[in-house]
Amino acid sequence: MKALTTLIAMSGFLREYLTVLVFGAAAVAMVGAMLGAGSLLRPKRAQLQKYISYESGVDPVGTGWSQSQIRYYLFGLLFVMFEVETVFIFPWAVRLEDLGLFGLVEMVVFIAILALGLLYAWRKGVLRWM
Amino acid sequence: MVAQNIVFGVLAVAMGLAAIRVVTTKNVVHAALYLVVVLAGVAALYILLAAEFIAVVQVIIYIGAIVLLILFGTMLTRAPIGRASDLDNDQRWLGVVVALLLLGVMGSVLADAFGSTKLPKAPQIQRTGDVGLSIFQTYVVPFEVVSVLLLAALVGAVVIARRD
């Protein structure tokens, strides 16, 4: 009996995520339909100029593949750090009301400690774009 | 249960094909993007196992952060990031042998440890809220220690990136 109830709960859980799947499929279908309709309806007269990337009406210089600056990597690392912070904020936000003031204090302490890191990066001039 | 098995089969095939493309594609950046497909498949597998929070973490950390670092890593090096034909070398059969050996070792270890364990018919559903309650009520101190760990990582990254 218990196995049956967990089985029913499980199928209910998966049905919730079926919504996510349907949503994603609808998004893909919409993009596909729009691009497909475009390629069916538009006239096709191939010219070399049409395949050049458009950037403010100026011809692009060099190729699209190029080595990027080391500066971006630091922003990438900062992004990873704050993304890990998000992972902890997310379950807290789900149960915000149950956790109450104590949970709020915990989260403020957590964010304050990480904000120290951001402050350090800022003071070191890492965030300045040169 | 049948629907779940079908979904698992579709996911497994998609992940397998994407994983093969990761190692066979001629473009390093495309390899990282195929890795996104594999990792998204892993997230979907976690959903099938009713581990909701782990699935979300998989999407946020692996697809969001790790793939970003891989992409930045390849774009920063002087490695050929466009199409490159000289990525292959003659070691691929050696690679196959090593991969098969690894598969055998990991498979035998798993079978040795969990071979006789039966999975429950329906897994225990782990909602994100339950994870939140256990982090913020039971494991308060470890949670705050994590913030110090992250702070240390952040400061370390800044120190390494700026040598002045």
# chains A, B, ... in the order shown; residues from 1 in each chain; ligands from 1
>>> residues_around(residues="Gly129 in chain B", least_positions_apart="6", cutoff="7 Å", atoms="only C-alpha atoms", output="list in words")
Pro91, Val94 and Arg95 of chain A
>>> closest_atom_pairs(of="chain A", to="chain B", cutoff="7 Å", atoms="only C-alpha atoms", output="tab-separated table")
residue	atom	partner	partner_atom	distance
A:Thr6	CA	B:Ala122	CA	6.1
A:Leu7	CA	B:Ala122	CA	5.2
A:Met10	CA	B:Ala122	CA	6.4
A:Trp65	CA	B:Gly82	CA	5.9
A:Gln67	CA	B:Met75	CA	5.4
A:Ser68	CA	B:Leu76	CA	5.3
A:Gln69	CA	B:Leu76	CA	6.5
A:Ile70	CA	B:Leu76	CA	6.3
A:Tyr73	CA	B:Phe72	CA	6.3
A:Leu74	CA	B:Ala161	CA	6.9
A:Gly76	CA	B:Leu69	CA	6.6
A:Leu78	CA	B:Leu154	CA	6.9
A:Val80	CA	B:Ala65	CA	5.3
A:Met81	CA	B:Leu150	CA	6.7
A:Glu83	CA	B:Ile61	CA	6.9
A:Val84	CA	B:Ile61	CA	6.9
A:Val87	CA	B:Val57	CA	6.4
A:Pro91	CA	B:Gly132	CA	4.4
A:Trp92	CA	B:Gly132	CA	5.2
A:Val94	CA	B:Gly129	CA	5.6
A:Arg95	CA	B:Gly129	CA	5.5
A:Gly103	CA	B:Phe136	CA	6.3
A:Phe110	CA	B:Ser147	CA	5.7
A:Ile113	CA	B:Ser147	CA	6.3
A:Leu114	CA	B:Leu151	CA	5.6
A:Gly117	CA	B:Leu151	CA	5.5
A:Ala121	CA	B:Val158	CA	6.4
>>> atom_distance(atom1="CA of Val59 in chain B", atom2="CA of Leu45 in chain B")
11.9 Å
>>> atom_distance(atom1="CA of Ala14 in chain B", atom2="CA of Ala99 in chain B")
19.9 Å
>>> select_by_dssp(residues="chain B", states="alpha helix (DSSP H)", output="PDB file with C-alpha atoms, in the first residue's frame")
ATOM      1  CA  VAL B   2       6.769   2.509 -18.860  1.00  0.00           C
ATOM      2  CA  ALA B   3       6.791   6.212 -19.752  1.00  0.00           C
ATOM      3  CA  GLN B   4       9.745   6.726 -17.413  1.00  0.00           C
ATOM      4  CA  ASN B   5      11.670   3.931 -19.104  1.00  0.00           C
ATOM      5  CA  ILE B   6      10.984   5.443 -22.530  1.00  0.00           C
ATOM      6  CA  VAL B   7      12.154   8.871 -21.333  1.00  0.00           C
ATOM      7  CA  PHE B   8      15.270   7.272 -19.853  1.00  0.00           C
ATOM      8  CA  GLY B   9      15.988   5.524 -23.156  1.00  0.00           C
ATOM      9  CA  VAL B  10      15.601   8.726 -25.180  1.00  0.00           C
ATOM     10  CA  LEU B  11      17.828  10.622 -22.748  1.00  0.00           C
ATOM     11  CA  ALA B  12      20.456   7.893 -22.771  1.00  0.00           C
ATOM     12  CA  VAL B  13      20.619   7.815 -26.583  1.00  0.00           C
ATOM     13  CA  ALA B  14      20.786  11.634 -26.806  1.00  0.00           C
ATOM     14  CA  MET B  15      23.508  11.806 -24.149  1.00  0.00           C
ATOM     15  CA  GLY B  16      25.491   9.027 -25.805  1.00  0.00           C
ATOM     16  CA  LEU B  17      25.379  10.700 -29.217  1.00  0.00           C
ATOM     17  CA  ALA B  18      26.307  14.097 -27.745  1.00  0.00           C
ATOM     18  CA  ALA B  19      29.158  12.517 -25.775  1.00  0.00           C
ATOM     19  CA  ILE B  20      30.520  10.935 -28.960  1.00  0.00           C
ATOM     20  CA  ARG B  21      30.308  14.314 -30.706  1.00  0.00           C
ATOM     21  CA  VAL B  22      32.245  15.912 -27.807  1.00  0.00           C
ATOM     22  CA  VAL B  23      35.287  13.830 -28.677  1.00  0.00           C
ATOM     23  CA  THR B  24      34.833  13.657 -32.464  1.00  0.00           C
ATOM     24  CA  VAL B  28      36.890  22.775 -29.559  1.00  0.00           C
ATOM     25  CA  VAL B  29      34.148  25.310 -28.850  1.00  0.00           C
ATOM     26  CA  HIS B  30      31.538  22.994 -30.373  1.00  0.00           C
ATOM     27  CA  ALA B  31      32.852  20.215 -28.108  1.00  0.00           C
ATOM     28  CA  ALA B  32      32.062  22.418 -25.083  1.00  0.00           C
ATOM     29  CA  LEU B  33      28.574  23.087 -26.468  1.00  0.00           C
ATOM     30  CA  TYR B  34      27.936  19.359 -26.992  1.00  0.00           C
ATOM     31  CA  LEU B  35      29.019  18.923 -23.382  1.00  0.00           C
ATOM     32  CA  VAL B  36      26.053  21.163 -22.475  1.00  0.00           C
ATOM     33  CA  VAL B  37      23.717  18.582 -24.061  1.00  0.00           C
ATOM     34  CA  VAL B  38      25.305  15.768 -22.034  1.00  0.00           C
ATOM     35  CA  LEU B  39      25.074  17.745 -18.777  1.00  0.00           C
ATOM     36  CA  ALA B  40      21.459  18.730 -19.481  1.00  0.00           C
ATOM     37  CA  GLY B  41      20.730  15.027 -19.955  1.00  0.00           C
ATOM     38  CA  VAL B  42      22.273  14.337 -16.556  1.00  0.00           C
ATOM     39  CA  ALA B  43      19.999  17.012 -15.042  1.00  0.00           C
ATOM     40  CA  ALA B  44      16.982  15.333 -16.638  1.00  0.00           C
ATOM     41  CA  LEU B  45      18.113  11.980 -15.189  1.00  0.00           C
ATOM     42  CA  TYR B  46      18.178  13.571 -11.729  1.00  0.00           C
ATOM     43  CA  ILE B  47      14.585  14.702 -12.275  1.00  0.00           C
ATOM     44  CA  LEU B  48      13.678  11.107 -13.164  1.00  0.00           C
ATOM     45  CA  GLU B  52      14.860  18.078  -7.857  1.00  0.00           C
ATOM     46  CA  PHE B  53      17.446  20.241  -6.107  1.00  0.00           C
ATOM     47  CA  ILE B  54      20.398  18.293  -7.516  1.00  0.00           C
ATOM     48  CA  ALA B  55      18.941  18.754 -11.001  1.00  0.00           C
ATOM     49  CA  VAL B  56      18.705  22.519 -10.532  1.00  0.00           C
ATOM     50  CA  VAL B  57      22.255  22.635  -9.164  1.00  0.00           C
ATOM     51  CA  VAL B  67      30.970  25.169 -19.291  1.00  0.00           C
ATOM     52  CA  LEU B  68      31.579  28.927 -19.093  1.00  0.00           C
ATOM     53  CA  LEU B  69      35.000  28.298 -17.566  1.00  0.00           C
ATOM     54  CA  ILE B  70      35.801  25.670 -20.219  1.00  0.00           C
ATOM     55  CA  LEU B  71      34.787  28.074 -23.003  1.00  0.00           C
ATOM     56  CA  PHE B  72      36.829  30.925 -21.511  1.00  0.00           C
ATOM     57  CA  GLY B  73      39.721  28.540 -20.957  1.00  0.00           C
ATOM     58  CA  THR B  74      39.805  27.522 -24.615  1.00  0.00           C
ATOM     59  CA  MET B  75      39.260  31.048 -25.880  1.00  0.00           C
ATOM     60  CA  LEU B  76      42.123  32.420 -23.783  1.00  0.00           C
ATOM     61  CA  ARG B  92      43.068   7.110 -30.410  1.00  0.00           C
ATOM     62  CA  TRP B  93      43.239   3.302 -30.217  1.00  0.00           C
ATOM     63  CA  LEU B  94      45.277   3.603 -27.040  1.00  0.00           C
ATOM     64  CA  GLY B  95      42.537   5.939 -25.808  1.00  0.00           C
ATOM     65  CA  VAL B  96      39.877   3.325 -26.610  1.00  0.00           C
ATOM     66  CA  VAL B  97      41.822   0.699 -24.647  1.00  0.00           C
ATOM     67  CA  VAL B  98      42.207   3.039 -21.644  1.00  0.00           C
ATOM     68  CA  ALA B  99      38.511   3.990 -21.779  1.00  0.00           C
ATOM     69  CA  LEU B 100      37.444   0.327 -21.877  1.00  0.00           C
ATOM     70  CA  LEU B 101      39.753  -0.470 -18.965  1.00  0.00           C
ATOM     71  CA  LEU B 102      38.293   2.433 -16.955  1.00  0.00           C
ATOM     72  CA  LEU B 103      34.763   1.283 -17.794  1.00  0.00           C
ATOM     73  CA  GLY B 104      35.615  -2.238 -16.651  1.00  0.00           C
ATOM     74  CA  VAL B 105      37.188  -1.071 -13.378  1.00  0.00           C
ATOM     75  CA  MET B 106      34.360   1.326 -12.501  1.00  0.00           C
ATOM     76  CA  GLY B 107      31.689  -1.164 -13.514  1.00  0.00           C
ATOM     77  CA  SER B 108      33.202  -3.973 -11.462  1.00  0.00           C
ATOM     78  CA  VAL B 109      33.623  -1.693  -8.425  1.00  0.00           C
ATOM     79  CA  LEU B 110      29.987  -0.578  -8.698  1.00  0.00           C
ATOM     80  CA  ALA B 111      28.759  -4.153  -9.150  1.00  0.00           C
ATOM     81  CA  ASP B 112      30.907  -5.281  -6.211  1.00  0.00           C
ATOM     82  CA  ALA B 113      29.556  -2.582  -3.893  1.00  0.00           C
ATOM     83  CA  PHE B 114      25.914  -2.300  -4.950  1.00  0.00           C
ATOM     84  CA  THR B 128      13.909  21.747  -2.789  1.00  0.00           C
ATOM     85  CA  GLY B 129      12.074  23.043   0.285  1.00  0.00           C
ATOM     86  CA  ASP B 130      13.171  20.010   2.329  1.00  0.00           C
ATOM     87  CA  VAL B 131      16.790  20.642   1.323  1.00  0.00           C
ATOM     88  CA  GLY B 132      16.366  24.275   2.376  1.00  0.00           C
ATOM     89  CA  LEU B 133      14.993  23.289   5.784  1.00  0.00           C
ATOM     90  CA  VAL B 140      23.695  26.105   9.998  1.00  0.00           C
ATOM     91  CA  VAL B 141      27.402  26.202  10.874  1.00  0.00           C
ATOM     92  CA  PRO B 142      28.606  24.207   7.821  1.00  0.00           C
ATOM     93  CA  PHE B 143      26.515  26.541   5.662  1.00  0.00           C
ATOM     94  CA  GLU B 144      28.264  29.623   7.047  1.00  0.00           C
ATOM     95  CA  VAL B 145      31.635  27.878   6.685  1.00  0.00           C
ATOM     96  CA  VAL B 146      30.832  27.446   2.979  1.00  0.00           C
ATOM     97  CA  SER B 147      30.652  31.233   2.643  1.00  0.00           C
ATOM     98  CA  VAL B 148      34.152  31.544   4.137  1.00  0.00           C
ATOM     99  CA  LEU B 149      35.378  28.863   1.712  1.00  0.00           C
ATOM    100  CA  LEU B 150      33.868  30.755  -1.223  1.00  0.00           C
ATOM    101  CA  LEU B 151      35.418  33.977   0.054  1.00  0.00           C
ATOM    102  CA  ALA B 152      38.835  32.289   0.161  1.00  0.00           C
ATOM    103  CA  ALA B 153      38.351  31.023  -3.414  1.00  0.00           C
ATOM    104  CA  LEU B 154      37.329  34.500  -4.594  1.00  0.00           C
ATOM    105  CA  VAL B 155      40.292  36.226  -2.945  1.00  0.00           C
ATOM    106  CA  GLY B 156      42.600  33.505  -4.314  1.00  0.00           C
ATOM    107  CA  ALA B 157      41.280  34.042  -7.843  1.00  0.00           C
ATOM    108  CA  VAL B 158      41.844  37.803  -7.565  1.00  0.00           C
ATOM    109  CA  VAL B 159      45.366  37.325  -6.189  1.00  0.00           C
ATOM    110  CA  ILE B 160      46.336  34.885  -8.940  1.00  0.00           C
ATOM    111  CA  ALA B 161      44.825  37.024 -11.692  1.00  0.00           C
TER     112      ALA B 161
END
